[in-house]
There are 2 protein chains.
Amino acid sequence: MAVYTEVSDEELEAFVAQYDIGEVTACKGIAEGVENSNFLLQTTSGSYILTLYERRVDPADLPFFLGLMEHLAGRGLDCPVPVRGRDGQALRALCGRPAVIVTFLKGLWPRKIAVSQCAGLGAAMARLHLEGQSFPMTRPNGLGLDAWRPLFLKEAHRADEVKPGLAAALSAELDFLEGHWPVDLPRGVIHADLFPDNVFFHGAAVSGLIDFYFACTDFLAYDVAICLNAWCFEPTGEFNVTKAGAMLSAYQKVRPLSEAEIAALPVLARGSAMRFLLTRLYDWLNTPAGALVKRKDPLEYERKLRFHAAIGSVVDYGFQL
Amino acid sequence: MAVYTEVSDEELEAFVAQYDIGEVTACKGIAEGVENSNFLLQTTSGSYILTLYERRVDPADLPFFLGLMEHLAGRGLDCPVPVRGRDGQALRALCGRPAVIVTFLKGLWPRKIAVSQCAGLGAAMARLHLEGQSFPMTRPNGLGLDAWRPLFLKEAHRADEVKPGLAAALSAELDFLEGHWPVDLPRGVIHADLFPDNVFFHGAAVSGLIDFYFACTDFLAYDVAICLNAWCFEPTGEFNVTKAGAMLSAYQKVRPLSEAEIAALPVLARGSAMRFLLTRLYDWLNTPAGALVKRKDPLEYERKLRFHAAIGSVVDYGFQL
């Protein structure tokens, strides 16, 4: 669930009175998402999302996230737009937390992913990468290569509780990634968390990208590698080469990948699997038993990592070379 | 959180296609509520609530609940109205569960209760009781007097884990309630769960009553007693006689309580406190450690019970006799 903070009706009404969006008619906590408290806010002028940033988000990063959404929306991408109050500010405080109101995006996120939706995702991600090139702010990837070893070391002594031998396997994989990570691929703004629940569709067409709270400056192809992991494996664990091919081909039509980017995809995909494996491992070992958040299985990403480590060539990703 | 069932976009679209409410534009799981899965459904024709009934609701009771909402709404009460599909049916299946779409009610439920809202509640509850008199169906109260002893006996051996001496105190209180429970008060449809999160307001005015899934046929004054417990104690544990007086006085203006009902209020309030104490005790002792539901403190109701057992007369409830 994703409502950590109770907002009283008086506080909410006083907050909304600072905007030109009419009066509050309803406000429901949204069950999705795990990082922040999100509410579907309805006013006499329409629907909005009210987000209260909880402790996992560094307030110093908010100008980057909000500025990026405004930048991308201004270039025609369907993403939430922070609403500015009458004082010109989008970011203010509610219940002792940084809070924003953003526009509401229509659409449903796919529970069962269709091949056509992988194509839609690929095209939308490529547009995000192109339009992000003119965004002037930068933000380092706090969960990039440099972060993995420290994150691993925090939990290394308990990793074998999850699976015998896991600590040694992760340590060896980190050695490999540190020795083979690319250094000179095209960089820019990436979303870095483009999982299906962050992409809304109307049929096969993307109607919105949401949740930019991991966005950062990194290799563009790393975002593609994240999506290979997040969109192209079946719930049974098998890699679906048709979905991957559809995603990559649609991406390439908007932004062709360079030869170096294509060649780097397997190592980027291993790194992306490592990143989600490590954060899930941390959450798995550190989520209190009575917590309200459902823990995600870290070993799902260990299996994905092994898939990428074993592929023969990028043809296995469905590339039409 | 209150989303136990994932509904895929295909299933949702096929479900909504059976109604004349336009096409789905968005659907968000709602974090509130603990019994069922609730979604805020938006279509090209407006906002609705989609409810999937989970295992705590007996499907055989659904015609009573849905019929009651339709009956009350038809008499001008602001409550959700089940939407009928093109086949004339309001109740159908989705993801293997009974499911309905009901109309969306505007308003906010009060986190901090104002005296004026207690008055609004009192008047709305009295109207519900009056209009419910013409509803032809009946449903026994599954959590009434007869249910308490069996519910207690299930957990009696572990009650002292929550508080030493609790089992003996509850047993003695059950003896008292069974010996003093009224037999001949005015009966009719009661809501039986009119907690603040089930009453929406626009300022001091009630804009909607929701969640009729405990509604049943019982003493009308028992509903009033439930609200004395749910609305008139401060978070610090003190009884607020001003709130109780405002609620009772507004109720009486719409439906005057008989002398017998007034005299029975303390024992009804003790019984109501026992009912919530016992279900909370059961949940407290039986909620798995990793569950997604936040457990509510049973001892809050033990303290309320002791308050009602100790009052001198109904003047302590703020009655203007």
# chains A, B, ... in the order shown; residues from 1 in each chain; ligands from 1

$ residues_around --residues "Ala90 (chain B)" --least-positions-apart "5" --cutoff "8 Å" --atoms "only C-alpha atoms" --output "list in words"
Pro82, Val83, Arg84, Gly85, Val100 and Ile101 of chain B

$ calpha_fit_and_write --fixed "chain A" --moving "chain B" --output "short mmCIF file (atom, residue, chain, number, x, y, z; two decimals) with C-alpha atoms, in the first residue's frame"
data_model
loop_
_atom_site.label_atom_id
_atom_site.label_comp_id
_atom_site.auth_asym_id
_atom_site.auth_seq_id
_atom_site.Cartn_x
_atom_site.Cartn_y
_atom_site.Cartn_z
CA MET B 1 -0.02 0.04 -0.08
CA ALA B 2 1.14 3.53 -0.55
CA VAL B 3 -0.42 5.79 2.03
CA TYR B 4 1.96 6.39 4.89
CA THR B 5 0.61 9.78 5.91
CA GLU B 6 -2.96 10.63 6.92
CA VAL B 7 -3.99 14.03 5.60
CA SER B 8 -6.86 15.63 7.49
CA ASP B 9 -9.65 17.31 5.54
CA GLU B 10 -8.75 20.73 7.02
CA GLU B 11 -5.10 20.39 6.05
CA LEU B 12 -6.04 19.21 2.56
CA GLU B 13 -8.49 22.03 1.95
CA ALA B 14 -6.00 24.64 3.15
CA PHE B 15 -3.32 23.11 0.92
CA VAL B 16 -5.48 23.04 -2.21
CA ALA B 17 -6.63 26.63 -1.56
CA GLN B 18 -3.11 27.71 -2.56
CA TYR B 19 -3.79 26.58 -6.15
CA ASP B 20 -6.18 27.70 -8.87
CA ILE B 21 -7.68 24.23 -9.28
CA GLY B 22 -11.06 24.71 -7.64
CA GLU B 23 -12.34 23.11 -4.45
CA VAL B 24 -11.71 19.59 -3.19
CA THR B 25 -14.59 17.23 -3.90
CA ALA B 26 -12.91 13.92 -3.01
CA CYS B 27 -9.52 12.44 -2.18
CA LYS B 28 -8.66 8.73 -2.06
CA GLY B 29 -5.40 7.11 -1.05
CA ILE B 30 -4.03 5.00 -3.91
CA ALA B 31 -2.93 1.45 -3.13
CA GLU B 32 -0.21 1.32 -5.79
CA GLY B 33 3.39 2.40 -5.40
CA VAL B 34 5.66 1.85 -2.43
CA GLU B 35 7.92 4.91 -2.12
CA ASN B 36 5.54 7.81 -1.48
CA SER B 37 1.98 8.52 -0.33
CA ASN B 38 -0.24 9.07 -3.35
CA PHE B 39 -3.81 10.33 -3.44
CA LEU B 40 -6.26 10.66 -6.29
CA LEU B 41 -7.50 14.19 -5.69
CA GLN B 42 -10.71 15.34 -7.32
CA THR B 43 -11.62 19.00 -7.41
CA THR B 44 -14.30 21.04 -9.11
CA SER B 45 -11.81 21.43 -12.01
CA GLY B 46 -10.88 17.76 -12.51
CA SER B 47 -8.63 14.93 -11.32
CA TYR B 48 -5.07 15.28 -10.00
CA ILE B 49 -2.50 13.21 -8.16
CA LEU B 50 -1.32 14.52 -4.79
CA THR B 51 2.04 13.07 -3.74
CA LEU B 52 3.65 13.37 -0.32
CA TYR B 53 7.31 12.44 -0.47
CA GLU B 54 8.25 10.01 2.27
CA ARG B 55 11.70 9.39 3.66
CA ARG B 56 13.15 7.44 0.73
CA VAL B 57 13.16 10.52 -1.50
CA ASP B 58 15.90 13.11 -0.92
CA PRO B 59 14.18 16.54 -1.00
CA ALA B 60 17.27 17.95 -2.72
CA ASP B 61 16.43 15.79 -5.75
CA LEU B 62 12.88 17.09 -6.13
CA PRO B 63 13.73 20.09 -8.33
CA PHE B 64 15.37 17.66 -10.80
CA PHE B 65 12.36 15.33 -10.85
CA LEU B 66 9.75 18.09 -11.11
CA GLY B 67 11.79 20.07 -13.63
CA LEU B 68 12.20 16.96 -15.77
CA MET B 69 8.47 16.21 -15.83
CA GLU B 70 7.74 19.80 -16.79
CA HIS B 71 10.44 19.70 -19.49
CA LEU B 72 9.22 16.45 -21.03
CA ALA B 73 5.54 17.43 -20.89
CA GLY B 74 6.45 20.73 -22.56
CA ARG B 75 7.91 18.71 -25.44
CA GLY B 76 4.76 16.66 -25.90
CA LEU B 77 5.53 13.58 -23.83
CA ASP B 78 2.59 12.25 -21.86
CA CYS B 79 3.85 12.53 -18.30
CA PRO B 80 2.49 14.18 -15.15
CA VAL B 81 2.94 17.96 -15.03
CA PRO B 82 3.57 19.55 -11.62
CA VAL B 83 0.85 22.13 -10.96
CA ARG B 84 2.09 25.50 -9.73
CA GLY B 85 0.28 27.35 -6.97
CA ARG B 86 -0.70 30.99 -7.15
CA ASP B 87 2.75 31.83 -5.76
CA GLY B 88 4.38 30.16 -8.78
CA GLN B 89 5.72 27.26 -6.71
CA ALA B 90 5.01 23.61 -7.50
CA LEU B 91 6.78 22.20 -4.43
CA ARG B 92 5.44 22.95 -0.95
CA ALA B 93 4.87 21.17 2.37
CA LEU B 94 1.89 19.15 3.67
CA CYS B 95 1.82 17.24 6.97
CA GLY B 96 5.54 17.92 7.41
CA ARG B 97 6.48 16.37 4.08
CA PRO B 98 7.41 17.83 0.69
CA ALA B 99 4.29 17.61 -1.45
CA VAL B 100 3.19 18.30 -5.01
CA ILE B 101 0.04 18.14 -7.06
CA VAL B 102 0.53 16.81 -10.59
CA THR B 103 -1.87 16.39 -13.48
CA PHE B 104 -3.76 13.11 -13.74
CA LEU B 105 -2.99 10.78 -16.64
CA LYS B 106 -5.59 8.46 -18.08
CA GLY B 107 -4.81 4.89 -18.99
CA LEU B 108 -4.24 1.49 -17.43
CA TRP B 109 -0.94 -0.19 -16.76
CA PRO B 110 -0.67 -3.68 -18.21
CA ARG B 111 -0.88 -6.66 -15.82
CA LYS B 112 -0.41 -9.04 -18.75
CA ILE B 113 2.01 -7.52 -21.22
CA ALA B 114 1.16 -7.73 -24.93
CA VAL B 115 3.84 -7.72 -27.63
CA SER B 116 2.24 -4.58 -29.07
CA GLN B 117 2.66 -2.87 -25.70
CA CYS B 118 6.39 -3.69 -25.69
CA ALA B 119 6.59 -1.90 -29.03
CA GLY B 120 4.69 1.08 -27.59
CA LEU B 121 7.04 1.16 -24.62
CA GLY B 122 10.12 1.06 -26.86
CA ALA B 123 8.97 4.04 -28.89
CA ALA B 124 7.97 6.07 -25.79
CA MET B 125 11.30 5.36 -24.08
CA ALA B 126 13.24 6.45 -27.17
CA ARG B 127 11.26 9.71 -27.29
CA LEU B 128 12.00 10.28 -23.61
CA HIS B 129 15.70 9.81 -24.33
CA LEU B 130 15.64 12.21 -27.29
CA GLU B 131 13.65 14.97 -25.56
CA GLY B 132 15.65 14.56 -22.36
CA GLN B 133 18.82 15.60 -24.24
CA SER B 134 17.82 19.26 -23.95
CA PHE B 135 17.06 19.08 -20.21
CA PRO B 136 19.80 21.15 -18.57
CA MET B 137 19.91 19.57 -15.09
CA THR B 138 21.82 16.42 -14.23
CA ARG B 139 21.54 13.90 -11.41
CA PRO B 140 23.95 11.04 -10.80
CA ASN B 141 22.47 7.55 -10.71
CA GLY B 142 22.43 6.77 -6.99
CA LEU B 143 21.80 3.11 -7.80
CA GLY B 144 24.41 2.78 -10.56
CA LEU B 145 27.59 0.69 -10.78
CA ASP B 146 29.38 2.52 -7.94
CA ALA B 147 26.53 1.84 -5.53
CA TRP B 148 26.29 -1.91 -6.03
CA ARG B 149 29.36 -3.12 -4.11
CA PRO B 150 28.57 -1.05 -0.97
CA LEU B 151 24.93 -2.18 -1.15
CA PHE B 152 26.07 -5.79 -1.49
CA LEU B 153 28.55 -5.55 1.38
CA LYS B 154 25.80 -4.37 3.75
CA GLU B 155 23.91 -7.63 3.25
CA ALA B 156 26.69 -10.03 2.16
CA HIS B 157 26.80 -11.78 5.54
CA ARG B 158 23.10 -12.66 5.30
CA ALA B 159 22.71 -13.23 1.54
CA ASP B 160 23.10 -17.00 1.91
CA GLU B 161 19.98 -17.00 4.10
CA VAL B 162 18.07 -16.30 0.87
CA LYS B 163 19.95 -18.88 -1.20
CA PRO B 164 23.06 -20.87 -0.29
CA GLY B 165 26.03 -19.64 -2.33
CA LEU B 166 24.35 -16.34 -3.23
CA ALA B 167 26.98 -14.15 -1.55
CA ALA B 168 29.86 -15.73 -3.47
CA ALA B 169 27.96 -15.61 -6.77
CA LEU B 170 27.10 -11.93 -6.33
CA SER B 171 30.66 -11.06 -5.39
CA ALA B 172 31.99 -12.75 -8.53
CA GLU B 173 29.37 -11.05 -10.67
CA LEU B 174 30.28 -7.65 -9.21
CA ASP B 175 33.92 -8.35 -10.14
CA PHE B 176 32.81 -9.05 -13.70
CA LEU B 177 30.58 -5.96 -13.93
CA GLU B 178 33.27 -3.66 -12.51
CA GLY B 179 35.76 -5.05 -15.04
CA HIS B 180 33.49 -4.90 -18.08
CA TRP B 181 31.19 -1.91 -17.54
CA PRO B 182 31.14 0.41 -20.59
CA VAL B 183 32.72 3.85 -20.23
CA ASP B 184 31.80 5.82 -23.32
CA LEU B 185 28.20 5.19 -24.37
CA PRO B 186 25.73 8.02 -25.17
CA ARG B 187 24.47 9.54 -21.93
CA GLY B 188 21.42 11.55 -20.97
CA VAL B 189 18.29 11.48 -18.88
CA ILE B 190 16.98 7.97 -18.20
CA HIS B 191 13.81 6.99 -16.34
CA ALA B 192 15.61 4.11 -14.57
CA ASP B 193 12.41 2.49 -13.29
CA LEU B 194 10.24 1.92 -16.37
CA PHE B 195 8.39 -1.09 -14.97
CA PRO B 196 4.91 -1.90 -16.33
CA ASP B 197 3.16 -0.17 -13.42
CA ASN B 198 4.81 3.08 -14.48
CA VAL B 199 3.55 2.97 -18.07
CA PHE B 200 -0.10 3.62 -18.86
CA PHE B 201 -1.69 2.43 -22.07
CA HIS B 202 -4.83 2.94 -24.03
CA GLY B 203 -4.77 -0.37 -25.91
CA ALA B 204 -1.31 -0.69 -27.50
CA ALA B 205 -0.66 3.08 -27.39
CA VAL B 206 1.26 4.54 -24.46
CA SER B 207 -0.93 7.17 -22.77
CA GLY B 208 1.49 8.14 -20.03
CA LEU B 209 4.79 7.58 -18.25
CA ILE B 210 4.79 8.18 -14.50
CA ASP B 211 6.99 7.96 -11.41
CA PHE B 212 10.18 9.79 -12.37
CA TYR B 213 11.64 9.47 -8.87
CA PHE B 214 14.58 7.32 -9.93
CA ALA B 215 15.31 9.39 -13.07
CA CYS B 216 18.96 10.33 -13.45
CA THR B 217 21.76 10.92 -15.92
CA ASP B 218 23.28 7.68 -17.18
CA PHE B 219 23.82 5.60 -20.32
CA LEU B 220 20.64 5.71 -22.39
CA ALA B 221 21.09 2.05 -23.28
CA TYR B 222 20.98 1.18 -19.58
CA ASP B 223 17.30 2.22 -19.58
CA VAL B 224 16.76 -0.18 -22.50
CA ALA B 225 18.50 -2.92 -20.50
CA ILE B 226 16.22 -2.26 -17.50
CA CYS B 227 13.21 -2.73 -19.78
CA LEU B 228 14.59 -5.99 -21.19
CA ASN B 229 14.39 -7.25 -17.60
CA ALA B 230 11.12 -5.60 -16.61
CA TRP B 231 9.05 -6.29 -19.73
CA CYS B 232 10.48 -9.24 -21.66
CA PHE B 233 10.46 -12.13 -19.18
CA GLU B 234 7.30 -14.17 -18.74
CA PRO B 235 5.92 -14.74 -15.21
CA THR B 236 7.18 -18.32 -15.63
CA GLY B 237 10.74 -16.99 -15.94
CA GLU B 238 11.29 -17.50 -19.68
CA PHE B 239 12.70 -14.72 -21.81
CA ASN B 240 10.24 -13.74 -24.57
CA VAL B 241 12.34 -12.89 -27.59
CA THR B 242 9.31 -11.66 -29.55
CA LYS B 243 8.57 -9.01 -26.90
CA ALA B 244 12.23 -7.96 -26.74
CA GLY B 245 12.46 -7.78 -30.52
CA ALA B 246 9.29 -5.65 -30.70
CA MET B 247 10.57 -3.29 -28.00
CA LEU B 248 14.03 -2.89 -29.50
CA SER B 249 12.79 -2.45 -33.04
CA ALA B 250 10.27 0.24 -32.03
CA TYR B 251 12.98 1.99 -30.01
CA GLN B 252 15.38 1.97 -32.94
CA LYS B 253 12.84 3.55 -35.28
CA VAL B 254 12.80 6.63 -33.03
CA ARG B 255 16.40 6.58 -31.80
CA PRO B 256 18.76 4.11 -33.49
CA LEU B 257 21.14 2.43 -31.06
CA SER B 258 24.83 2.67 -31.95
CA GLU B 259 26.88 -0.48 -32.52
CA ALA B 260 28.61 0.09 -29.20
CA GLU B 261 25.27 0.38 -27.40
CA ILE B 262 24.00 -2.81 -28.98
CA ALA B 263 27.19 -4.68 -28.11
CA ALA B 264 26.94 -3.46 -24.50
CA LEU B 265 23.36 -4.59 -23.95
CA PRO B 266 24.17 -7.96 -22.33
CA VAL B 267 26.49 -6.43 -19.72
CA LEU B 268 24.06 -3.55 -19.13
CA ALA B 269 21.26 -6.08 -18.67
CA ARG B 270 23.40 -8.01 -16.18
CA GLY B 271 24.08 -4.76 -14.33
CA SER B 272 20.41 -3.83 -14.34
CA ALA B 273 19.52 -7.27 -12.98
CA MET B 274 22.17 -6.79 -10.27
CA ARG B 275 20.69 -3.39 -9.31
CA PHE B 276 17.18 -4.76 -8.76
CA LEU B 277 18.49 -7.94 -7.17
CA LEU B 278 20.48 -5.93 -4.61
CA THR B 279 17.70 -3.52 -3.65
CA ARG B 280 15.24 -6.39 -3.39
CA LEU B 281 17.73 -8.36 -1.31
CA TYR B 282 18.15 -5.38 1.00
CA ASP B 283 14.37 -4.96 1.35
CA TRP B 284 13.90 -8.70 1.80
CA LEU B 285 16.34 -8.84 4.69
CA ASN B 286 15.32 -5.53 6.26
CA THR B 287 11.53 -5.32 5.92
CA PRO B 288 10.04 -5.75 9.39
CA ALA B 289 7.74 -8.75 9.66
CA GLY B 290 4.65 -6.62 10.29
CA ALA B 291 5.33 -4.13 7.48
CA LEU B 292 2.58 -3.05 5.12
CA VAL B 293 4.75 -3.44 2.03
CA LYS B 294 4.78 -6.67 0.08
CA ARG B 295 8.38 -7.87 -0.37
CA LYS B 296 9.52 -8.73 -3.90
CA ASP B 297 11.54 -11.87 -4.54
CA PRO B 298 15.22 -11.01 -5.09
CA LEU B 299 15.85 -14.39 -6.74
CA GLU B 300 13.67 -13.44 -9.71
CA TYR B 301 16.49 -11.09 -10.66
CA GLU B 302 19.19 -13.62 -9.91
CA ARG B 303 17.60 -15.87 -12.54
CA LYS B 304 17.41 -12.96 -15.00
CA LEU B 305 21.05 -12.17 -14.33
CA ARG B 306 22.05 -15.73 -15.15
CA PHE B 307 20.08 -15.56 -18.41
CA HIS B 308 21.99 -12.47 -19.58
CA ALA B 309 25.32 -13.96 -18.49
CA ALA B 310 24.63 -17.03 -20.64
CA ILE B 311 23.38 -15.54 -23.90
CA GLY B 312 25.42 -16.14 -27.02
CA SER B 313 24.88 -12.83 -28.80
CA VAL B 314 22.41 -9.95 -28.91
CA VAL B 315 20.50 -11.94 -31.53
CA ASP B 316 19.10 -13.72 -28.47
CA TYR B 317 17.41 -10.40 -27.59
CA GLY B 318 15.45 -10.52 -30.82
CA PHE B 319 17.69 -8.12 -32.73
CA GLN B 320 17.30 -8.15 -36.47
CA LEU B 321 20.97 -7.61 -37.28
#

$ select_by_dssp --residues "region 117-314 of chain B" --states "helix (DSSP H, G or I)" --output "VMD selection string"
chain B and resid 117 to 132 145 to 162 166 to 180 196 to 198 220 to 231 241 to 254 259 to 286 299 to 310 314

$ select_by_dssp --residues "region 39-284 of chain A" --states "strand (DSSP E or B)" --output "PyMOL selection string"
chain A and resi 39-43+46-52+82+92-94+97-103+107-108+140+187-190+199-202+205-209+216-219+233+239
